[in-house]
There are 2 protein chains.
Amino acid sequence: MSYRKGKKLRIFVTNDDGVNAKGIAALIEMVQPYGEVYVLAPLAVNSGMSQAVTIITPIRLKKIREEENLKIYACTGTPTDCVKLAFSHILPDKKADLLVSGINHGSNSSASVLYSGTLAATTEGIMYHTPSIGFSLCDYTADADFSACIPIGRKIIDKVLNDNFGVDSYLNVNFPKLSINEIKGIKICRQAKGVWREEFEKRTDPHGVDYYWLTGDYVNEEPNADDTDESWLAKGYATIVPQTLDMTNYAELEKMKNWNL
Amino acid sequence: MSYRKGKKLRIFVTNDDGVNAKGIAALIEMVQPYGEVYVLAPLAVNSGMSQAVTIITPIRLKKIREEENLKIYACTGTPTDCVKLAFSHILPDKKADLLVSGINHGSNSSASVLYSGTLAATTEGIMYHTPSIGFSLCDYTADADFSACIPIGRKIIDKVLNDNFGVDSYLNVNFPKLSINEIKGIKICRQAKGVWREEFEKRTDPHGVDYYWLTGDYVNEEPNADDTDESWLAKGYATIVPQTLDMTNYAELEKMKNWNL
C-alpha cells in the first residue's frame, strides 16, 4: 500500500444488509489497515431500499461498539440516511477520505444497481465529494464466504487512493462466488442491460384477506455481449463499473433536438 | 391528438405522494382523453422512496373506485412496487401503451431524481418496455395548482405517442410554479449537477432519548450553466430531460483502461 505514506486515513463504512451482517464485518476487516474506521449501518435489513430517505419519521442512532481506530454505530434509517447522518453527526470535520459500502450479500450487477441500498450509499458518498466504492458478492446466503473479497478489495482501494479517483463517479465492484485461487482477475467494464422481471405471488391470510409477495428473476437482455459486468462475472472475474450520477441520456437528447414543442 | 387514430390506448398512472394527492387527480385528468386509465398508487405518502421495493413484508392491494374507462387501486407498497404489481396483477395482458407518474408535489430536477419515487416509477416502466413520463410541479404544497400542467403534459404525451419514443429512456418533466400564460415554453435539456446537502436536526424526546430529523437544502453545483433543467426552470420554462437506466460512466471507463489491476 503505497498511497499517502504516513497519513492515517479516515474510512466510512456502511451497508444495506444491516450492522450485524457478515458482509460488513468482512468490509471492516478489509479497510482497517488504512486508518481510522467509522461505521454507521442500518439496524434492520435494508435490501432493495435504493436511494430512499426517511422523511416522515425521525431516526434513532445508537453506538454499538468502540475500540482503537474503530467506532461502530447503527441507526433506524436507510443506507442513504446512514451516509447523511454520518456526514452530519458522526465523522470528525464531516469528512472522510473514502466511503465503502457492503460487502453486499448478493450481486449488484446490471439493473440491480437501481434497487440497491449498497450502491445508493456510494452515490451519496459522491454527493459528499468522497471517493466511494460499493462491494457485492454473488452469494445471497447469510454465511457467504467473503475471504476472497478482502485482498481484491484492497487492490482496488489502493488504486482509487493512489489515483485520487472518484469525484464524479463511484465504483460498483462485484465478486463472483469463487475462492481467491479460482477468481481469474479483475475487469473494468460497463453495466449490462437487463431487467428484474417480477411477479407478485398472491396468497390469502388466515383471516381470508389477500396479500402479495414480491418474487422475481433477473433477465439479461444482452446475453451475447462480452463486455458487461454480467458476462465477466459469469466467466469468473471480479468486475468494476464506474457509475455516474448524471442520468441524462445524451444520445436521446441529441435526437430530440428536432422535437417541435 | 393525431396519434393512433381510432385506437383506445391503455394508460397506467401512479405517483409517490399517494393515491389521495391532488397531483395524481390532475394526472388522471390529463390522460383520460387518451383511453382507458388504470391507477395503482401508494396508500401512504412515499416521497423520497427512490426505487425501493418491498421485500420483507407482503403488500396489501385495494380497489378504490371504478367508473367507465377508469379503475383506481391503491396498495401498501412503494411507487416501484405499484408498477410491478400493476404489470403483474392489474393491467390486462400485463401491458400498457404509456406509463405516467406524478404529478409530483415538488420539483424533481437535478439530483432530486435519484431520491424520487415519481421517477423511480418511470424507470420501472422502461423495465416493462413501456414509454414512461414522470411529471413534477415546482410547488410542494398539498393544494398546489396543477392546471397549467395538463395542456403542456398532453402536448408531450402526444409527441411521445406519435414518435413511438421511449424504449430505453423515460422523460423527466418539470413544470415551473407559474400559470399557463406565464410559462415561456418547453425546453429539452440535461440534468443539472447538484447535491442535496442534508443536516440532521437533533432533538430529545419526552423520555430523554435523542432522535434525528432529516432536513436539507439543494445546492446547484452549476449555477452559471444555461443548458440545464435548473436553469430553464428558473427562467420560466417547463423542462424535459430524457433519462437513462445505464449508469455506466463511459468517459471514466475509457480513462480507466490504463488501470493495471
# chains A, B, ... in the order shown; residues from 1 in each chain; ligands from 1
$ closest_atom_pairs --of "region 101-180 of chain B" --to "region 109-129 of chain A" --cutoff "10 Å" --atoms "only C-alpha atoms" --output "tab-separated table"
residue	atom	partner	partner_atom	distance
B:Ala111	CA	A:Met127	CA	9.1
B:Leu114	CA	A:Ala120	CA	8.8
B:Tyr115	CA	A:Ala120	CA	9.4
B:Ala120	CA	A:Leu114	CA	8.8
B:Thr123	CA	A:Leu114	CA	9.0
B:Glu124	CA	A:Leu114	CA	9.7
B:Met127	CA	A:Ala111	CA	9.1
$ write_last_selection --atoms "C-alpha atoms" --output "PDB file, in the first residue's frame"
ATOM      1  CA  ALA B 111     -30.111  15.331  -8.217  1.00  0.00           C
ATOM      2  CA  LEU B 114     -32.137   9.960  -7.515  1.00  0.00           C
ATOM      3  CA  TYR B 115     -34.391  10.095  -4.438  1.00  0.00           C
ATOM      4  CA  ALA B 120     -38.443   5.505  -9.933  1.00  0.00           C
ATOM      5  CA  THR B 123     -37.638   3.859 -14.543  1.00  0.00           C
ATOM      6  CA  GLU B 124     -39.675   0.780 -13.755  1.00  0.00           C
ATOM      7  CA  MET B 127     -38.101  -2.116 -17.422  1.00  0.00           C
TER       8      MET B 127
END
$ select_by_dssp --residues "region 6-243 of chain B" --states "strand (DSSP E)" --output "number ranges by chain"
B: 9-14, 35-42, 61-67, 70-75, 98-105, 132-137, 169-175, 185-188, 194-204, 210-220, 237-243
$ closest_atom_pairs --of "chain B" --to "chain A" --cutoff "6 Å" --atoms "only C-alpha atoms" --output "Markdown table"
| residue | atom | partner | partner_atom | distance |
| --- | --- | --- | --- | --- |
| B:Gly48 | CA | A:Val53 | CA | 5.4 |
| B:Met49 | CA | A:Ala52 | CA | 4.3 |
| B:Ser50 | CA | A:Ala52 | CA | 4.9 |
| B:Gln51 | CA | A:Ser50 | CA | 5.3 |
| B:Ala52 | CA | A:Met49 | CA | 4.3 |
| B:Val53 | CA | A:Gly48 | CA | 5.4 |
| B:Pro58 | CA | A:Trp213 | CA | 4.8 |
| B:Ile59 | CA | A:Tyr212 | CA | 5.0 |
| B:Arg60 | CA | A:Tyr211 | CA | 5.0 |
| B:Ser88 | CA | A:Glu199 | CA | 5.4 |
| B:Tyr115 | CA | A:Gln51 | CA | 5.4 |
| B:Met127 | CA | A:Val195 | CA | 5.6 |
| B:Arg190 | CA | A:Thr248 | CA | 5.6 |
| B:Gln191 | CA | A:Thr248 | CA | 5.8 |
| B:Val195 | CA | A:Met127 | CA | 5.7 |
| B:Glu199 | CA | A:Ser88 | CA | 5.4 |
| B:Tyr211 | CA | A:Arg60 | CA | 5.0 |
| B:Tyr212 | CA | A:Ile59 | CA | 5.0 |
| B:Trp213 | CA | A:Pro58 | CA | 4.8 |
| B:Pro242 | CA | A:Asn249 | CA | 5.5 |
| B:Gln243 | CA | A:Thr248 | CA | 4.6 |
| B:Thr244 | CA | A:Asn249 | CA | 5.0 |
| B:Met247 | CA | A:Gln243 | CA | 5.2 |
| B:Thr248 | CA | A:Gln243 | CA | 4.6 |
| B:Asn249 | CA | A:Gln243 | CA | 4.9 |
$ write_last_selection --atoms "C-alpha atoms" --output "compact mmCIF listing (two decimals), in the first residue's frame"
# COMPACT_ATOMS: atom_id res chain seq x y z
CA GLY B 48 -38.09 10.14 -1.14
CA MET B 49 -38.67 6.41 -1.61
CA SER B 50 -36.47 6.24 -4.71
CA GLN B 51 -36.53 2.81 -6.43
CA ALA B 52 -37.19 0.97 -3.13
CA VAL B 53 -39.02 -2.35 -3.34
CA PRO B 58 -46.08 -8.58 1.86
CA ILE B 59 -48.24 -5.96 0.17
CA ARG B 60 -51.97 -5.32 0.50
CA SER B 88 -48.30 -8.47 -12.58
CA TYR B 115 -34.39 10.10 -4.44
CA MET B 127 -38.10 -2.12 -17.42
CA ARG B 190 -29.81 17.90 -19.44
CA GLN B 191 -29.90 17.24 -15.70
CA VAL B 195 -26.48 17.82 -4.46
CA GLU B 199 -28.16 18.05 8.00
CA TYR B 211 -33.74 11.45 17.74
CA TYR B 212 -32.84 13.00 14.38
CA TRP B 213 -34.95 14.69 11.71
CA PRO B 242 -34.54 12.14 -21.30
CA GLN B 243 -33.09 9.83 -18.68
CA THR B 244 -31.23 6.55 -18.95
CA MET B 247 -25.46 4.29 -15.03
CA THR B 248 -22.08 3.39 -16.55
CA ASN B 249 -19.80 6.43 -16.71
$ select_by_dssp --residues "region 22-184 of chain B" --states "alpha helix (DSSP H)" --output "PyMOL selection string"
chain B and resi 22-31+79-85+112-115+117-127+149-163
$ write_last_selection --atoms "C-alpha atoms" --output "PDB file, in the first residue's frame"
ATOM      1  CA  LYS B  22     -54.180  16.438  -5.699  1.00  0.00           C
ATOM      2  CA  GLY B  23     -51.354  15.839  -8.206  1.00  0.00           C
ATOM      3  CA  ILE B  24     -52.498  12.359  -9.209  1.00  0.00           C
ATOM      4  CA  ALA B  25     -56.039  13.643  -9.728  1.00  0.00           C
ATOM      5  CA  ALA B  26     -54.609  16.217 -12.157  1.00  0.00           C
ATOM      6  CA  LEU B  27     -52.604  13.490 -13.907  1.00  0.00           C
ATOM      7  CA  ILE B  28     -55.692  11.305 -14.305  1.00  0.00           C
ATOM      8  CA  GLU B  29     -57.491  14.307 -15.815  1.00  0.00           C
ATOM      9  CA  MET B  30     -54.531  14.805 -18.170  1.00  0.00           C
ATOM     10  CA  VAL B  31     -54.606  11.264 -19.570  1.00  0.00           C
ATOM     11  CA  PRO B  79     -44.159   3.514  -6.253  1.00  0.00           C
ATOM     12  CA  THR B  80     -41.876   0.828  -7.724  1.00  0.00           C
ATOM     13  CA  ASP B  81     -43.988  -1.896  -6.106  1.00  0.00           C
ATOM     14  CA  CYS B  82     -47.057  -0.228  -7.656  1.00  0.00           C
ATOM     15  CA  VAL B  83     -45.633  -0.588 -11.161  1.00  0.00           C
ATOM     16  CA  LYS B  84     -44.542  -4.180 -10.598  1.00  0.00           C
ATOM     17  CA  LEU B  85     -47.871  -5.137  -9.016  1.00  0.00           C
ATOM     18  CA  SER B 112     -33.640  15.039  -6.831  1.00  0.00           C
ATOM     19  CA  VAL B 113     -34.327  12.397  -9.443  1.00  0.00           C
ATOM     20  CA  LEU B 114     -32.137   9.960  -7.515  1.00  0.00           C
ATOM     21  CA  TYR B 115     -34.391  10.095  -4.438  1.00  0.00           C
ATOM     22  CA  GLY B 117     -40.346   7.798  -6.091  1.00  0.00           C
ATOM     23  CA  THR B 118     -42.108   9.537  -9.006  1.00  0.00           C
ATOM     24  CA  LEU B 119     -39.148   8.972 -11.323  1.00  0.00           C
ATOM     25  CA  ALA B 120     -38.443   5.505  -9.933  1.00  0.00           C
ATOM     26  CA  ALA B 121     -41.867   4.510 -11.241  1.00  0.00           C
ATOM     27  CA  THR B 122     -40.950   5.719 -14.738  1.00  0.00           C
ATOM     28  CA  THR B 123     -37.638   3.859 -14.543  1.00  0.00           C
ATOM     29  CA  GLU B 124     -39.675   0.780 -13.755  1.00  0.00           C
ATOM     30  CA  GLY B 125     -41.950   1.482 -16.721  1.00  0.00           C
ATOM     31  CA  ILE B 126     -38.931   1.249 -19.026  1.00  0.00           C
ATOM     32  CA  MET B 127     -38.101  -2.116 -17.422  1.00  0.00           C
ATOM     33  CA  CYS B 149     -49.541  21.141 -16.300  1.00  0.00           C
ATOM     34  CA  ILE B 150     -52.461  19.493 -18.058  1.00  0.00           C
ATOM     35  CA  PRO B 151     -52.270  21.087 -21.556  1.00  0.00           C
ATOM     36  CA  ILE B 152     -48.448  21.048 -21.586  1.00  0.00           C
ATOM     37  CA  GLY B 153     -48.400  17.446 -20.396  1.00  0.00           C
ATOM     38  CA  ARG B 154     -50.782  16.436 -23.199  1.00  0.00           C
ATOM     39  CA  LYS B 155     -48.507  18.108 -25.763  1.00  0.00           C
ATOM     40  CA  ILE B 156     -45.591  15.996 -24.516  1.00  0.00           C
ATOM     41  CA  ILE B 157     -47.666  12.803 -24.392  1.00  0.00           C
ATOM     42  CA  ASP B 158     -48.826  13.423 -27.994  1.00  0.00           C
ATOM     43  CA  LYS B 159     -45.217  13.735 -29.101  1.00  0.00           C
ATOM     44  CA  VAL B 160     -44.142  10.565 -27.271  1.00  0.00           C
ATOM     45  CA  LEU B 161     -47.022   8.550 -28.708  1.00  0.00           C
ATOM     46  CA  ASN B 162     -46.604   9.868 -32.259  1.00  0.00           C
ATOM     47  CA  ASP B 163     -42.851   9.351 -32.287  1.00  0.00           C
TER      48      ASP B 163
END
